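J.: Handing you a structure now.
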Amino acid sequence: MRCVFQAMAGFLGRVDSETRCAFWAEEPADHGFDPARLIAVDLARTPAAAAAKQIGWSEVQVDDCFTGPNGAVSGTTLGPRWPELRLAGVVYLEQGFVAALPAALRPAWPPPGVTGEPHEFTTAAYWPDTSDPRAGNRYAGHHARILEERGTLARVAVCPPGRSRQPEARPVTMWIDLASPEHCDAGVASLTTIGTGDAPKEGALFLITGQV
């Protein structure tokens, strides 16, 4: 089992408590700071909270803010806690939470004006304490193309996140094992669409970014 998150812009519009707030997913100046467009969330309802059994996994609303590879800050950067909060950032909303929003509040996705594919704005966190070999792992979507194959090993060209449609974007080349959950989300119902053998050679590649 897993939580899948969609990345979008977040502009803080209302603070309701230490961790609960409401945000706009579009530039608020463009619609006159319309309060009817605010999306209310609890920024404490994250995979980390579910893993600590503070909430159920079905109650997860947003991804955590966490440190990814090379010390990069990843995940939700709006907030998360009063008064040390950010007024604007990125929000990763859980797909089920997005689907449950009224149609008028459901943000456009992928975000308007982006230069990448939808999977480049998607992350996944697999639930710990399950038999899935990906249990407890986090993965982030990238756009990639297979250049060479050796069994399940592949040399792939990975585009910079969110920039696969930019002609000047320079991919990073690496060897990964497409059958290893320590490299990508290999397994049942994988979000990765490329693969060796008869599988597509260009598309989504969800690389590991850490643990829940």
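Going through the structure tokens in order, the chains are called A, B, and so on, while each chain numbers its residues from 1 and the ligands are numbered from 1 in the order shown.
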Need the shell around region 187-203 of chain A: protein/DNA/RNA residues with any atom at most 7 Å away, counting only C-alpha atoms. Skip same-chain ones fewer than 3 positions apart. Format as a list in words?
T.: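 Neighbouring residues, sequence-local ones excluded: His143, Ala144, Arg145, Ile146, Glu149, Thr152, Leu178 and Phe206 of chain A.
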J.: Would you write out those residues with N, CA and C atoms, as a CSV table (one decimal), in the first residue's frame?
T.:
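Now in result.csv:
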```csv
chain,number,residue,atom,x,y,z
A,143,HIS,N,11.4,12.0,-15.6
A,143,HIS,CA,11.2,11.5,-17.0
A,143,HIS,C,12.6,11.0,-17.4
A,144,ALA,N,12.6,9.8,-18.0
A,144,ALA,CA,13.9,9.1,-18.3
A,144,ALA,C,13.8,8.4,-19.6
A,145,ARG,N,14.9,8.1,-20.2
A,145,ARG,CA,15.0,7.3,-21.4
A,145,ARG,C,16.1,6.3,-21.3
A,146,ILE,N,15.9,5.0,-21.6
A,146,ILE,CA,16.9,4.0,-21.5
A,146,ILE,C,17.8,4.0,-22.7
A,149,GLU,N,21.0,-1.6,-22.1
A,149,GLU,CA,20.4,-2.6,-21.2
A,149,GLU,C,21.4,-3.7,-21.0
A,152,THR,N,18.5,-6.7,-16.1
A,152,THR,CA,17.7,-5.7,-15.5
A,152,THR,C,18.4,-4.4,-15.2
A,178,LEU,N,16.6,-1.8,-12.6
A,178,LEU,CA,15.1,-1.5,-12.7
A,178,LEU,C,14.3,-2.6,-12.0
A,206,PHE,N,10.5,6.3,-11.3
A,206,PHE,CA,10.4,6.8,-9.9
A,206,PHE,C,11.6,6.3,-9.1
```
J.: Do you know which residues are at most 7 Å from region 95-104 of chain A counting only C-alpha atoms, after dropping those on the same chain fewer than 6 positions away, and could you put them as a ChimeraX atom specification?
T.: /A:4-6,61
J.: Env of Gly75 (chain A): 12 Å cut, atoms = only C-alpha atoms, seq-sep filter 3 positions within chain, self excluded. Answer as a PyMOL selection string.
T.: chain A and resi 4-10+43+46-48+62-68+72+78-80+89-94+121-125+138-140+209-210+212
J.: Would you kindly return, as a PDB file with C-alpha atoms, in the first residue's frame, each protein, DNA or RNA residue with an atom no farther than 12 Å from any atom of Glu26 (chain A), considering only C-alpha atoms and excluding same-chain residues fewer than 6 positions away?
T.:
```
ATOM      1  CA  MET A   8       1.404  22.133  -6.684  1.00  0.00           C
ATOM      2  CA  ALA A   9       2.104  25.704  -5.691  1.00  0.00           C
ATOM      3  CA  GLY A  10       0.939  26.784  -2.255  1.00  0.00           C
ATOM      4  CA  PHE A  11       0.147  30.358  -1.181  1.00  0.00           C
ATOM      5  CA  LEU A  12      -0.908  30.658   2.458  1.00  0.00           C
ATOM      6  CA  GLY A  13      -4.299  32.333   2.776  1.00  0.00           C
ATOM      7  CA  GLY A  32      -8.307  38.865  -6.252  1.00  0.00           C
ATOM      8  CA  PHE A  33      -7.450  36.672  -3.251  1.00  0.00           C
ATOM      9  CA  ASP A  34     -10.775  34.870  -3.586  1.00  0.00           C
ATOM     10  CA  ARG A  37     -10.703  29.101  -3.719  1.00  0.00           C
ATOM     11  CA  LEU A  38      -8.866  28.271  -0.485  1.00  0.00           C
ATOM     12  CA  ILE A  39      -8.027  24.615   0.142  1.00  0.00           C
ATOM     13  CA  ALA A  88       4.516  30.420  -0.122  1.00  0.00           C
ATOM     14  CA  GLY A  89       6.014  27.114  -1.172  1.00  0.00           C
ATOM     15  CA  VAL A  90       5.155  23.732  -2.612  1.00  0.00           C
ATOM     16  CA  VAL A  91       2.342  21.499  -1.363  1.00  0.00           C
ATOM     17  CA  LEU A 105     -11.606  23.502  -5.568  1.00  0.00           C
ATOM     18  CA  ARG A 106      -9.666  20.728  -7.303  1.00  0.00           C
ATOM     19  CA  PRO A 107      -6.414  22.305  -8.544  1.00  0.00           C
ATOM     20  CA  ALA A 108      -5.368  22.005 -12.167  1.00  0.00           C
ATOM     21  CA  TRP A 109      -2.751  19.287 -12.424  1.00  0.00           C
ATOM     22  CA  PRO A 111       0.253  22.839 -12.504  1.00  0.00           C
ATOM     23  CA  PRO A 112      -0.349  25.376 -15.297  1.00  0.00           C
ATOM     24  CA  GLY A 113       2.718  26.584 -17.168  1.00  0.00           C
TER      25      GLY A 113
END
```
J.: Based on DSSP run over this structure's backbone, return all residues of region 33-181 of chain A in strand (DSSP E or B), as a VMD selection string.
T.: chain A and resid 39 to 42 62 65 to 67 73 to 75 88 to 94 122 to 126 137 to 150 153 to 158 172 to 177
J.: According to DSSP computed on the backbone, where in region 66-202 of chain A is there alpha helix (DSSP H)? Give the residues as a list of chain:residue names.
T.: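 Assigned to alpha helix (DSSP H), within region 66-202 of chain A: A:Gln95, A:Gly96, A:Phe97, A:Val98, A:Ala99, A:Ala100.
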J.: Could you turn the residues from that selection into a file that holds all heavy atoms, as a PDB file, in the first residue's frame?
T.:
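Contents of the output file result-v4.pdb:
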```pdb
ATOM      1  N   GLN A  95      -3.381  12.017  -3.382  1.00  0.00           N
ATOM      2  CA  GLN A  95      -4.322  11.906  -4.487  1.00  0.00           C
ATOM      3  C   GLN A  95      -5.753  11.667  -4.029  1.00  0.00           C
ATOM      4  O   GLN A  95      -6.690  12.227  -4.603  1.00  0.00           O
ATOM      5  CB  GLN A  95      -3.896  10.784  -5.438  1.00  0.00           C
ATOM      6  CG  GLN A  95      -2.789  11.181  -6.391  1.00  0.00           C
ATOM      7  CD  GLN A  95      -2.509  10.105  -7.429  1.00  0.00           C
ATOM      8  OE1 GLN A  95      -2.932   8.962  -7.306  1.00  0.00           O
ATOM      9  NE2 GLN A  95      -1.765  10.478  -8.460  1.00  0.00           N
ATOM     10  N   GLY A  96      -5.938  10.845  -3.022  1.00  0.00           N
ATOM     11  CA  GLY A  96      -7.284  10.600  -2.523  1.00  0.00           C
ATOM     12  C   GLY A  96      -7.901  11.863  -1.927  1.00  0.00           C
ATOM     13  O   GLY A  96      -9.104  12.118  -2.082  1.00  0.00           O
ATOM     14  N   PHE A  97      -7.086  12.669  -1.247  1.00  0.00           N
ATOM     15  CA  PHE A  97      -7.552  13.932  -0.677  1.00  0.00           C
ATOM     16  C   PHE A  97      -7.974  14.876  -1.797  1.00  0.00           C
ATOM     17  O   PHE A  97      -9.011  15.535  -1.717  1.00  0.00           O
ATOM     18  CB  PHE A  97      -6.445  14.551   0.172  1.00  0.00           C
ATOM     19  CG  PHE A  97      -6.801  15.875   0.778  1.00  0.00           C
ATOM     20  CD1 PHE A  97      -7.554  15.950   1.941  1.00  0.00           C
ATOM     21  CD2 PHE A  97      -6.376  17.061   0.201  1.00  0.00           C
ATOM     22  CE1 PHE A  97      -7.891  17.175   2.510  1.00  0.00           C
ATOM     23  CE2 PHE A  97      -6.704  18.292   0.752  1.00  0.00           C
ATOM     24  CZ  PHE A  97      -7.466  18.345   1.917  1.00  0.00           C
ATOM     25  N   VAL A  98      -7.168  14.931  -2.868  1.00  0.00           N
ATOM     26  CA  VAL A  98      -7.502  15.790  -4.011  1.00  0.00           C
ATOM     27  C   VAL A  98      -8.821  15.343  -4.642  1.00  0.00           C
ATOM     28  O   VAL A  98      -9.690  16.157  -4.946  1.00  0.00           O
ATOM     29  CB  VAL A  98      -6.378  15.766  -5.067  1.00  0.00           C
ATOM     30  CG1 VAL A  98      -6.791  16.525  -6.322  1.00  0.00           C
ATOM     31  CG2 VAL A  98      -5.100  16.367  -4.498  1.00  0.00           C
ATOM     32  N   ALA A  99      -8.976  14.038  -4.830  1.00  0.00           N
ATOM     33  CA  ALA A  99     -10.181  13.519  -5.468  1.00  0.00           C
ATOM     34  C   ALA A  99     -11.431  13.818  -4.651  1.00  0.00           C
ATOM     35  O   ALA A  99     -12.536  13.942  -5.213  1.00  0.00           O
ATOM     36  CB  ALA A  99     -10.043  12.018  -5.684  1.00  0.00           C
ATOM     37  N   ALA A 100     -11.283  13.939  -3.319  1.00  0.00           N
ATOM     38  CA  ALA A 100     -12.427  14.190  -2.447  1.00  0.00           C
ATOM     39  C   ALA A 100     -12.807  15.670  -2.381  1.00  0.00           C
ATOM     40  O   ALA A 100     -13.875  16.006  -1.853  1.00  0.00           O
ATOM     41  CB  ALA A 100     -12.137  13.673  -1.035  1.00  0.00           C
TER      42      ALA A 100
END
```
J.: Which residue, A:Glu148, A:Ile176, A:Pro171, A:Asp42, has the smallest gap to Ser17 (chain A) when you use only C-alpha atoms?
T.: A:Asp42
J.: How far is it from CA of Cys184 (chain A) to CA of Leu147 (chain A), in Å with one decimal?
T.: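 Straight-line distance from CA of Cys184 (chain A) to CA of Leu147 (chain A) works out to 16.9 Å.
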J.: Kindly give the distance, in Å, that separates CA of Arg165 (chain A) and CA of Leu207 (chain A), rounded to a single decimal.
T.: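 For CA of Arg165 (chain A) relative to CA of Leu207 (chain A), the distance reads 19.3 Å.
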J.: Interatomic distance between CA of Asp132 (chain A) and CA of Pro118 (chain A)?
T.: 25.1 Å
J.: Skipping near chain neighbours, those fewer than 5 positions away, what residues fall within 7 Å of Gly116 (chain A) using only C-alpha atoms, listed as a list of chain:residue names?
T.: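 Non-adjacent residues within range: A:Gly162, A:Arg163, A:Ser164, A:Arg165.
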